[in-house]
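Chemist: Below is run.csv; it holds CSV, C-alpha atoms and all ligand atoms.
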chain,number,residue,atom,x,y,z
J,14,MET,CA,0.0,0.0,0.0
J,15,LEU,CA,1.8,3.1,-1.2
J,16,GLU,CA,1.1,6.7,-0.4
J,17,ASN,CA,3.2,9.8,0.1
J,18,PHE,CA,2.7,12.7,2.5
J,19,HIS,CA,5.9,14.7,1.9
J,20,THR,CA,5.5,16.2,-1.6
J,21,HIS,CA,6.7,19.6,-2.8
J,22,LEU,CA,5.5,22.1,-5.4
J,23,PRO,CA,7.5,24.8,-7.1
J,24,TYR,CA,6.4,27.6,-4.7
J,25,CYS,CA,9.4,26.8,-2.6
J,26,GLY,CA,11.7,27.6,-5.5
J,27,HIS,CA,13.5,24.3,-5.8
J,28,ALA,CA,10.8,21.8,-6.9
J,29,SER,CA,9.1,21.2,-10.2
J,30,GLY,CA,5.7,20.0,-11.5
J,31,THR,CA,2.1,20.9,-10.9
J,32,ALA,CA,-0.3,19.5,-8.3
J,33,LEU,CA,-2.2,17.8,-11.1
J,34,GLU,CA,1.0,16.1,-12.5
J,35,TYR,CA,1.8,14.8,-9.0
J,36,ILE,CA,-1.8,13.4,-8.7
J,37,LYS,CA,-1.6,11.7,-12.1
J,38,GLN,CA,1.7,10.2,-11.1
J,39,ALA,CA,0.3,9.0,-7.7
J,40,GLU,CA,-2.6,7.4,-9.6
J,41,ALA,CA,-0.2,5.7,-12.1
J,42,LEU,CA,1.7,4.3,-9.1
J,43,GLN,CA,-1.5,3.1,-7.6
J,44,PHE,CA,-1.1,5.2,-4.5
J,45,ARG,CA,-4.1,5.1,-2.2
J,46,ALA,CA,-3.6,8.7,-1.1
J,47,LEU,CA,-1.4,11.7,-1.6
J,48,GLY,CA,-0.5,14.6,0.7
J,49,PHE,CA,1.1,17.9,-0.4
J,50,SER,CA,3.6,19.5,1.9
J,51,ASP,CA,5.5,22.3,0.3
J,52,HIS,CA,8.0,24.3,2.4
J,53,SER,CA,6.1,26.9,4.6
J,54,PRO,CA,6.8,30.6,4.5
J,55,VAL,CA,8.8,32.1,7.5
J,56,PRO,CA,8.3,35.4,9.2
J,57,SER,CA,9.9,38.4,7.5
J,58,HIS,CA,12.5,38.8,10.1
J,59,MET,CA,13.9,35.4,9.2
J,60,TYR,CA,15.3,36.9,6.0
J,61,GLY,CA,18.4,34.7,6.1
J,62,VAL,CA,16.4,31.6,5.5
J,63,GLN,CA,13.9,32.6,2.8
J,64,GLY,CA,15.8,31.2,-0.1
J,65,PHE,CA,14.0,27.9,-0.3
J,66,LYS,CA,10.5,28.7,0.9
J,67,MET,CA,7.3,29.9,-0.5
J,68,LYS,CA,6.3,33.5,0.2
J,69,GLU,CA,3.5,34.3,2.6
J,70,SER,CA,1.6,35.9,-0.3
J,71,GLU,CA,1.7,32.5,-2.1
J,72,LEU,CA,-0.1,30.6,0.6
J,73,SER,CA,-3.5,31.1,-1.1
J,74,LEU,CA,-2.1,30.2,-4.6
J,75,TYR,CA,-0.7,27.0,-3.2
J,76,ARG,CA,-3.9,26.2,-1.4
J,77,ASP,CA,-6.0,26.9,-4.5
J,78,GLU,CA,-3.8,24.9,-6.8
J,79,VAL,CA,-4.0,21.8,-4.6
J,80,LEU,CA,-7.7,22.1,-3.9
J,81,SER,CA,-8.6,22.6,-7.6
J,82,ALA,CA,-6.4,19.7,-8.7
J,83,LYS,CA,-8.0,17.6,-6.0
J,84,LYS,CA,-11.3,17.8,-7.8
J,85,GLU,CA,-9.8,15.8,-10.7
J,86,ALA,CA,-8.3,13.1,-8.4
J,87,THR,CA,-9.6,9.6,-8.0
J,88,ILE,CA,-7.8,9.1,-4.7
J,89,PRO,CA,-7.9,11.1,-1.5
J,90,ILE,CA,-5.8,14.2,-1.6
J,91,TYR,CA,-4.6,16.1,1.5
J,92,LEU,CA,-3.4,19.7,1.8
J,93,GLY,CA,-0.4,20.0,4.1
J,94,MET,CA,2.8,21.9,4.7
J,95,GLU,CA,6.3,21.2,5.8
J,96,VAL,CA,6.9,23.7,8.6
J,97,ASP,CA,10.3,24.6,9.8
J,98,ILE,CA,10.6,23.8,13.5
J,99,ILE,CA,11.5,27.0,15.1
J,100,SER,CA,9.9,26.9,18.6
J,101,GLN,CA,10.3,30.7,18.9
J,102,GLU,CA,8.0,31.1,15.9
J,103,LYS,CA,5.1,29.2,17.4
J,104,ALA,CA,2.9,32.3,17.1
J,105,TYR,CA,3.6,32.6,13.4
J,106,LEU,CA,2.6,29.0,13.0
J,107,GLU,CA,-0.7,29.5,14.9
J,108,GLU,CA,-1.7,33.0,13.8
J,109,VAL,CA,-0.6,33.1,10.2
J,110,LEU,CA,0.2,29.7,8.7
J,111,ILE,CA,-2.6,27.6,10.1
J,112,PRO,CA,-5.5,30.2,9.7
J,113,GLN,CA,-4.4,31.1,6.1
J,114,LEU,CA,-3.7,27.7,4.8
J,115,LYS,CA,-6.3,25.7,6.8
J,116,PRO,CA,-4.3,22.6,6.2
J,117,ASP,CA,-5.4,19.0,6.7
J,118,TYR,CA,-2.0,18.3,8.3
J,119,LEU,CA,1.4,19.7,9.0
J,120,LEU,CA,4.8,18.0,9.1
J,121,GLY,CA,7.5,19.4,11.2
J,122,SER,CA,11.1,19.4,10.0
J,123,ILE,CA,14.3,21.1,11.1
J,124,HIS,CA,16.3,22.8,8.4
J,125,TYR,CA,17.8,25.5,10.6
J,126,ILE,CA,18.8,26.2,14.1
J,127,ARG,CA,18.7,29.7,15.6
J,128,LEU,CA,21.9,30.7,17.2
J,129,GLY,CA,22.3,32.9,20.3
J,130,ASP,CA,23.0,36.0,18.3
J,131,GLY,CA,19.6,35.6,16.4
J,132,SER,CA,21.2,34.4,13.2
J,133,TYR,CA,20.4,31.0,11.6
J,134,ALA,CA,22.6,28.1,10.7
J,135,ASP,CA,21.6,25.3,8.3
J,136,LEU,CA,22.1,21.7,9.2
J,137,GLY,CA,25.3,21.5,7.2
J,138,SER,CA,27.0,24.0,9.5
J,139,ILE,CA,26.3,22.3,12.8
J,140,GLU,CA,29.9,21.9,13.9
J,141,SER,CA,29.9,21.7,17.7
J,142,ALA,CA,28.1,20.0,20.6
J,143,LYS,CA,26.6,23.3,21.4
J,144,HIS,CA,25.0,23.6,17.9
J,145,PHE,CA,23.9,20.0,18.1
J,146,ASP,CA,22.2,20.7,21.4
J,147,LEU,CA,20.2,23.5,19.8
J,148,TYR,CA,19.1,21.1,17.1
J,149,ILE,CA,18.0,18.5,19.7
J,150,GLU,CA,16.2,21.2,21.7
J,151,GLN,CA,14.1,22.1,18.6
J,152,LEU,CA,13.5,18.4,17.8
J,153,ARG,CA,12.3,17.7,21.4
J,154,TRP,CA,9.9,20.7,21.2
J,155,ALA,CA,8.4,19.6,17.9
J,156,ILE,CA,7.8,16.0,19.2
J,157,THR,CA,5.6,17.5,22.0
J,158,GLN,CA,3.5,19.6,19.6
J,159,PRO,CA,0.1,18.2,18.6
J,160,HIS,CA,0.2,20.4,15.4
J,161,PHE,CA,2.6,18.0,13.6
J,162,LEU,CA,1.3,14.8,12.2
J,163,PHE,CA,4.8,13.5,12.0
J,164,ILE,CA,8.4,14.7,12.1
J,165,GLY,CA,10.4,14.9,8.9
J,166,HIS,CA,13.9,13.5,8.4
J,167,ALA,CA,15.1,13.9,12.0
J,168,ASP,CA,18.3,12.0,11.2
J,169,ARG,CA,19.2,14.2,8.2
J,170,VAL,CA,21.4,16.1,10.6
J,171,ILE,CA,23.9,13.3,9.9
J,172,MET,CA,24.7,15.1,6.6
J,173,ASN,CA,27.2,17.2,8.5
J,174,ASP,CA,30.7,16.1,9.5
J,175,TYR,CA,30.3,16.7,13.2
J,176,VAL,CA,27.3,14.4,13.5
J,177,GLN,CA,28.7,11.9,11.1
J,178,LYS,CA,31.9,11.6,13.1
J,179,ASN,CA,30.0,11.3,16.4
J,180,ASP,CA,27.1,9.2,15.4
J,181,ALA,CA,28.0,6.3,17.6
J,182,SER,CA,28.5,8.5,20.7
J,183,LEU,CA,25.1,10.1,20.1
J,184,ARG,CA,23.3,6.9,20.9
J,185,ASP,CA,22.1,8.2,24.3
J,186,VAL,CA,20.6,11.3,22.6
J,187,TRP,CA,18.8,9.3,20.0
J,188,GLN,CA,17.6,6.9,22.7
J,189,ALA,CA,16.1,9.8,24.6
J,190,ILE,CA,14.5,11.1,21.4
J,191,ALA,CA,13.0,7.7,20.7
J,192,LYS,CA,11.5,7.5,24.2
J,193,LEU,CA,10.0,11.0,23.9
J,194,ALA,CA,8.5,10.2,20.5
J,195,LYS,CA,7.1,7.0,21.9
J,196,ALA,CA,5.6,8.8,24.9
J,197,HIS,CA,4.0,11.4,22.6
J,198,ASN,CA,3.0,8.8,20.0
J,199,LYS,CA,4.7,11.0,17.4
J,200,PRO,CA,5.7,9.2,14.1
J,201,MET,CA,9.2,9.7,12.8
J,202,GLU,CA,9.7,9.9,9.0
J,203,PHE,CA,11.7,7.3,7.2
J,204,ASN,CA,12.8,9.6,4.3
J,205,THR,CA,13.6,7.6,1.2
J,206,SER,CA,14.9,10.6,-0.9
J,207,ALA,CA,18.5,10.4,0.4
J,208,PRO,CA,19.6,7.1,1.9
J,209,LEU,CA,23.0,8.5,2.6
J,210,HIS,CA,21.5,11.0,5.0
J,211,ARG,CA,20.3,8.2,7.3
J,212,SER,CA,21.8,7.6,10.7
J,213,GLU,CA,22.2,3.9,11.5
J,214,VAL,CA,22.3,4.5,15.3
J,215,PHE,CA,19.2,6.7,15.1
J,216,TRP,CA,17.2,4.0,13.4
J,217,GLN,CA,18.4,1.3,15.8
J,218,GLU,CA,17.0,3.3,18.7
J,219,MET,CA,13.7,4.1,16.9
J,220,LEU,CA,13.3,0.4,16.2
J,221,ARG,CA,14.2,-0.7,19.7
J,222,GLU,CA,11.7,1.7,21.2
J,223,GLN,CA,9.0,0.7,18.6
J,224,VAL,CA,8.5,4.4,17.6
J,225,SER,CA,5.8,4.8,14.9
J,226,VAL,CA,7.5,5.3,11.5
J,227,LEU,CA,6.0,7.0,8.5
J,228,VAL,CA,7.7,6.4,5.1
J,229,SER,CA,7.9,9.2,2.5
J,230,SER,CA,9.8,10.1,-0.6
J,231,ASP,CA,10.1,13.9,0.0
J,232,ALA,CA,9.5,14.3,-3.7
J,233,HIS,CA,10.6,17.6,-5.4
J,234,ALA,CA,9.5,16.4,-8.9
J,235,PRO,CA,6.6,14.2,-10.0
J,236,SER,CA,9.1,11.6,-11.3
J,237,ARG,CA,10.5,11.2,-7.8
J,238,LEU,CA,7.1,10.6,-6.1
J,239,GLY,CA,7.6,6.9,-5.6
J,240,TYR,CA,11.4,7.0,-5.2
J,241,GLY,CA,12.6,4.4,-2.7
J,242,LEU,CA,9.2,3.7,-1.1
J,243,VAL,CA,9.0,0.0,-1.9
J,244,GLU,CA,12.5,-0.5,-0.6
J,245,GLY,CA,11.8,1.6,2.5
J,246,TYR,CA,8.8,-0.4,3.5
J,247,ALA,CA,10.6,-3.6,2.9
J,248,TRP,CA,13.6,-2.6,5.0
J,249,LEU,CA,11.3,-1.5,7.9
J,250,GLU,CA,9.2,-4.6,7.7
J,251,LYS,CA,12.3,-6.7,7.9
J,252,HIS,CA,13.4,-4.9,11.0
J,253,GLY,CA,10.0,-5.2,12.7
J,254,ALA,CA,9.2,-1.4,12.6
J,255,GLN,CA,5.9,0.0,13.7
J,256,ILE,CA,4.8,1.4,10.4
J,257,VAL,CA,2.0,4.0,10.2
J,258,TYR,CA,0.3,5.6,7.3
J,259,GLY,CA,-0.7,9.3,6.9
J,260,SER,CA,-4.0,8.4,5.4
J,261,GLU,CA,-4.9,6.2,8.4
J,262,LEU,CA,-3.7,8.8,10.9
J,263,LEU,CA,-5.9,11.4,9.3
J,264,SER,CA,-9.0,9.3,9.0
J,265,LYS,CA,-9.0,8.7,12.8
G,301,ZN,ZN,12.9,21.0,-0.3
G,302,ZN,ZN,12.7,18.9,4.7
If you convert what's in this file into structure tokens, what do you get?
Modeler:
Amino acid sequence: MLENFHTHLPYCGHASGTALEYIKQAEALQFRALGFSDHSPVPSHMYGVQGFKMKESELSLYRDEVLSAKKEATIPIYLGMEVDIISQEKAYLEEVLIPQLKPDYLLGSIHYIRLGDGSYADLGSIESAKHFDLYIEQLRWAITQPHFLFIGHADRVIMNDYVQKNDASLRDVWQAIAKLAKAHNKPMEFNTSAPLHRSEVFWQEMLREQVSVLVSSDAHAPSRLGYGLVEGYAWLEKHGAQIVYGSELLSK
């Protein structure tokens, strides 16, 4: 049973395809549902990180495109958004993003951390335990937030040298994250778009704790919609993972 709840459109500036093209592709792949989740806007004072996000003024265009394409779909379509987890911006999430988009669901992902001086660093530039702690602080906050249906690519932080070098010694941290996710019943995404950005230790701890896992392709083009999904499910099943599906979580 295939589906995908992490799907981008070109509003973010680094994806291609129309909502209808994604829907046609999902139907061709015999998906049972499809969720759109383009990158959310951020408040204007976060000018350093606006490069790969839709503008606030595009929220209604994004919503209209998905809702009008949905009318031509033969499978259930959900309107969502991938929101950057910045706990300090909770008011923006609740007062701007949610009221304007009226989403069916949100997924929370960390692409930046906010440093003490108010500037932002992307995941690639986390280079110290102090930065990593800021990352974990955001992650822990997100896990406790009912707004997020699931947490996107929490282990992608392994893309940077610091985390890669220290992956084994971070087991305690990932174990605590697994326990927190379990306690809050928050699914973690198994992102199939970039297998090299996967932390072995992270997944050992998620599996050990039987954290819910949601598989998605993080597609930035219609041709990538099904990328890695079959292999992802197979790997998780082999390892006894607690797999959950977006469509089932949303129908509850
Ligand atoms: Zn993206
Ligand atoms: Zn992301």
Chemist: At a cut-off of 8 Å around ligand ZN 301 (chain G), and using all atoms listed in the file, what residues come up? Please write them as an MDAnalysis selection string.
Modeler: chainID J and resid 21 25 27:28 51:52 65 231 233
Chemist: Rounded to one decimal place, report the CA of Ala155 (chain J)-CA of Ser50 (chain J) distance in Å.
Modeler: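 According to the coordinates, CA of Ala155 (chain J) and CA of Ser50 (chain J) are separated by 16.7 Å.
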Chemist: Go through J:Asp135, J:Glu213, J:Asp117, J:Asp185 one by one, measure the shortest atom-to-atom distance of each to ligand ZN 302 (chain G) using only C-alpha atoms and all ligand atoms, and give the residue with the smallest value.
Modeler: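 For ligand ZN 302 (chain G), the nearest of the given residues is J:Asp135.
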Chemist: Given all atoms listed in the file as the basis, pick out the residue of J:Glu69, J:Glu107, J:Asp97, J:Glu261 nearest to Leu227 (chain J).
Modeler: J:Glu261
Chemist: Can you check which parts of chain J lie within 10 Å of ligand ZN 302 (chain G)? Per residue, the shortest pair of atoms and distance in Å to one decimal, counting all atoms listed in the file, sorted by chain and number, as a Markdown table.
Modeler:
| residue | atom | partner | partner_atom | distance |
| --- | --- | --- | --- | --- |
| J:His19 | CA | G:ZN302 | ZN | 8.5 |
| J:Thr20 | CA | G:ZN302 | ZN | 9.9 |
| J:His21 | CA | G:ZN302 | ZN | 9.6 |
| J:Ser50 | CA | G:ZN302 | ZN | 9.5 |
| J:Asp51 | CA | G:ZN302 | ZN | 9.1 |
| J:His52 | CA | G:ZN302 | ZN | 7.5 |
| J:Glu95 | CA | G:ZN302 | ZN | 6.9 |
| J:Val96 | CA | G:ZN302 | ZN | 8.5 |
| J:Asp97 | CA | G:ZN302 | ZN | 8.0 |
| J:Leu120 | CA | G:ZN302 | ZN | 9.1 |
| J:Gly121 | CA | G:ZN302 | ZN | 8.3 |
| J:Ser122 | CA | G:ZN302 | ZN | 5.6 |
| J:Ile123 | CA | G:ZN302 | ZN | 7.0 |
| J:His124 | CA | G:ZN302 | ZN | 6.5 |
| J:Ile164 | CA | G:ZN302 | ZN | 9.5 |
| J:Gly165 | CA | G:ZN302 | ZN | 6.2 |
| J:His166 | CA | G:ZN302 | ZN | 6.7 |
| J:Ala167 | CA | G:ZN302 | ZN | 9.2 |
| J:Arg169 | CA | G:ZN302 | ZN | 8.8 |
| J:Asn204 | CA | G:ZN302 | ZN | 9.3 |
| J:Asp231 | CA | G:ZN302 | ZN | 7.3 |
Chemist: Please identify all polymer residues within 9 Å of Leu162 (chain J), counting all atoms listed in the file, omitting same-chain residues fewer than 2 positions from it, and present them as a list of chain:residue names.
Modeler: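 Result of the neighbour search: J:Tyr118, J:Leu119, J:Leu120, J:Gly121, J:Pro159, J:His160, J:Ile164, J:Lys199, J:Pro200, J:Gly259, J:Leu262, J:Leu263.
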Chemist: Of the candidates J:Ile256, J:Ala247, J:Leu242, J:Ile90, which shows the shortest atom-to-atom distance to Gln223 (chain J), using only C-alpha atoms?
Modeler: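 Among the listed residues, J:Ile256 lies closest to Gln223 (chain J).
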Chemist: Of the candidates J:Glu78, J:Glu71, J:Glu102, J:Glu218, which one gets nearest to Tyr35 (chain J) if we count all atoms listed in the file?
Modeler: J:Glu78
Chemist: Please compute the CA of Val55 (chain J)-CA of Ala134 (chain J) distance, one decimal, in Å.
Modeler: 14.7 Å
Chemist: In Å, rounded to a single decimal, give me how far CA of Asn179 (chain J) is from CA of Leu220 (chain J).
Modeler: 19.9 Å
Chemist: Rank nothing, just name the residue among J:Leu106, J:Ile190, J:Ala39, J:Met14 nearest to Thr157 (chain J), using all atoms listed in the file.
Modeler: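 Closest residue, counting all atoms listed in the file: J:Ile190.
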Chemist: What would region 219-239 of chain J look like with N, CA and C atoms restored, written as a PDB file, in the coordinates of the input?
Modeler:
ATOM      1  N   MET J 219      15.164   3.968  17.243  1.00  0.00           N
ATOM      2  CA  MET J 219      13.700   4.100  16.900  1.00  0.00           C
ATOM      3  C   MET J 219      13.086   2.706  16.903  1.00  0.00           C
ATOM      4  N   LEU J 220      13.785   1.748  16.312  1.00  0.00           N
ATOM      5  CA  LEU J 220      13.300   0.400  16.200  1.00  0.00           C
ATOM      6  C   LEU J 220      13.170  -0.266  17.569  1.00  0.00           C
ATOM      7  N   ARG J 221      14.216  -0.062  18.366  1.00  0.00           N
ATOM      8  CA  ARG J 221      14.200  -0.700  19.700  1.00  0.00           C
ATOM      9  C   ARG J 221      13.040  -0.180  20.539  1.00  0.00           C
ATOM     10  N   GLU J 222      12.752   1.097  20.403  1.00  0.00           N
ATOM     11  CA  GLU J 222      11.700   1.700  21.200  1.00  0.00           C
ATOM     12  C   GLU J 222      10.301   1.524  20.569  1.00  0.00           C
ATOM     13  N   GLN J 223      10.294   0.923  19.367  1.00  0.00           N
ATOM     14  CA  GLN J 223       9.000   0.700  18.600  1.00  0.00           C
ATOM     15  C   GLN J 223       8.280   2.047  18.397  1.00  0.00           C
ATOM     16  N   VAL J 224       9.052   3.059  17.997  1.00  0.00           N
ATOM     17  CA  VAL J 224       8.500   4.400  17.600  1.00  0.00           C
ATOM     18  C   VAL J 224       7.701   4.185  16.317  1.00  0.00           C
ATOM     19  N   SER J 225       6.576   4.869  16.157  1.00  0.00           N
ATOM     20  CA  SER J 225       5.800   4.800  14.900  1.00  0.00           C
ATOM     21  C   SER J 225       6.686   5.426  13.776  1.00  0.00           C
ATOM     22  N   VAL J 226       6.642   4.800  12.608  1.00  0.00           N
ATOM     23  CA  VAL J 226       7.500   5.300  11.500  1.00  0.00           C
ATOM     24  C   VAL J 226       6.551   5.500  10.279  1.00  0.00           C
ATOM     25  N   LEU J 227       6.732   6.651   9.647  1.00  0.00           N
ATOM     26  CA  LEU J 227       6.000   7.000   8.500  1.00  0.00           C
ATOM     27  C   LEU J 227       6.959   7.125   7.299  1.00  0.00           C
ATOM     28  N   VAL J 228       6.731   6.417   6.213  1.00  0.00           N
ATOM     29  CA  VAL J 228       7.700   6.400   5.100  1.00  0.00           C
ATOM     30  C   VAL J 228       7.265   7.479   4.080  1.00  0.00           C
ATOM     31  N   SER J 229       8.229   8.276   3.629  1.00  0.00           N
ATOM     32  CA  SER J 229       7.900   9.200   2.500  1.00  0.00           C
ATOM     33  C   SER J 229       9.085   9.508   1.656  1.00  0.00           C
ATOM     34  N   SER J 230       8.756   9.946   0.430  1.00  0.00           N
ATOM     35  CA  SER J 230       9.800  10.100  -0.600  1.00  0.00           C
ATOM     36  C   SER J 230      10.329  11.557  -0.641  1.00  0.00           C
ATOM     37  N   ASP J 231       9.691  12.495   0.060  1.00  0.00           N
ATOM     38  CA  ASP J 231      10.100  13.900   0.000  1.00  0.00           C
ATOM     39  C   ASP J 231      10.340  14.340  -1.408  1.00  0.00           C
ATOM     40  N   ALA J 232       9.328  14.088  -2.252  1.00  0.00           N
ATOM     41  CA  ALA J 232       9.500  14.300  -3.700  1.00  0.00           C
ATOM     42  C   ALA J 232       9.499  15.826  -4.026  1.00  0.00           C
ATOM     43  N   HIS J 233      10.471  16.201  -4.858  1.00  0.00           N
ATOM     44  CA  HIS J 233      10.600  17.600  -5.400  1.00  0.00           C
ATOM     45  C   HIS J 233      10.282  17.613  -6.865  1.00  0.00           C
ATOM     46  N   ALA J 234       9.860  16.478  -7.446  1.00  0.00           N
ATOM     47  CA  ALA J 234       9.500  16.400  -8.900  1.00  0.00           C
ATOM     48  C   ALA J 234       8.514  15.206  -8.980  1.00  0.00           C
ATOM     49  N   PRO J 235       7.516  15.282  -9.884  1.00  0.00           N
ATOM     50  CA  PRO J 235       6.600  14.200 -10.000  1.00  0.00           C
ATOM     51  C   PRO J 235       7.276  12.832 -10.247  1.00  0.00           C
ATOM     52  N   SER J 236       8.361  12.851 -11.020  1.00  0.00           N
ATOM     53  CA  SER J 236       9.100  11.600 -11.300  1.00  0.00           C
ATOM     54  C   SER J 236       9.701  10.959 -10.094  1.00  0.00           C
ATOM     55  N   ARG J 237       9.843  11.740  -9.036  1.00  0.00           N
ATOM     56  CA  ARG J 237      10.500  11.200  -7.800  1.00  0.00           C
ATOM     57  C   ARG J 237       9.449  10.797  -6.757  1.00  0.00           C
ATOM     58  N   LEU J 238       8.183  10.837  -7.117  1.00  0.00           N
ATOM     59  CA  LEU J 238       7.100  10.600  -6.100  1.00  0.00           C
ATOM     60  C   LEU J 238       7.223   9.244  -5.439  1.00  0.00           C
ATOM     61  N   GLY J 239       7.571   8.231  -6.231  1.00  0.00           N
ATOM     62  CA  GLY J 239       7.600   6.900  -5.600  1.00  0.00           C
ATOM     63  C   GLY J 239       9.004   6.443  -5.256  1.00  0.00           C
TER      64      GLY J 239
END
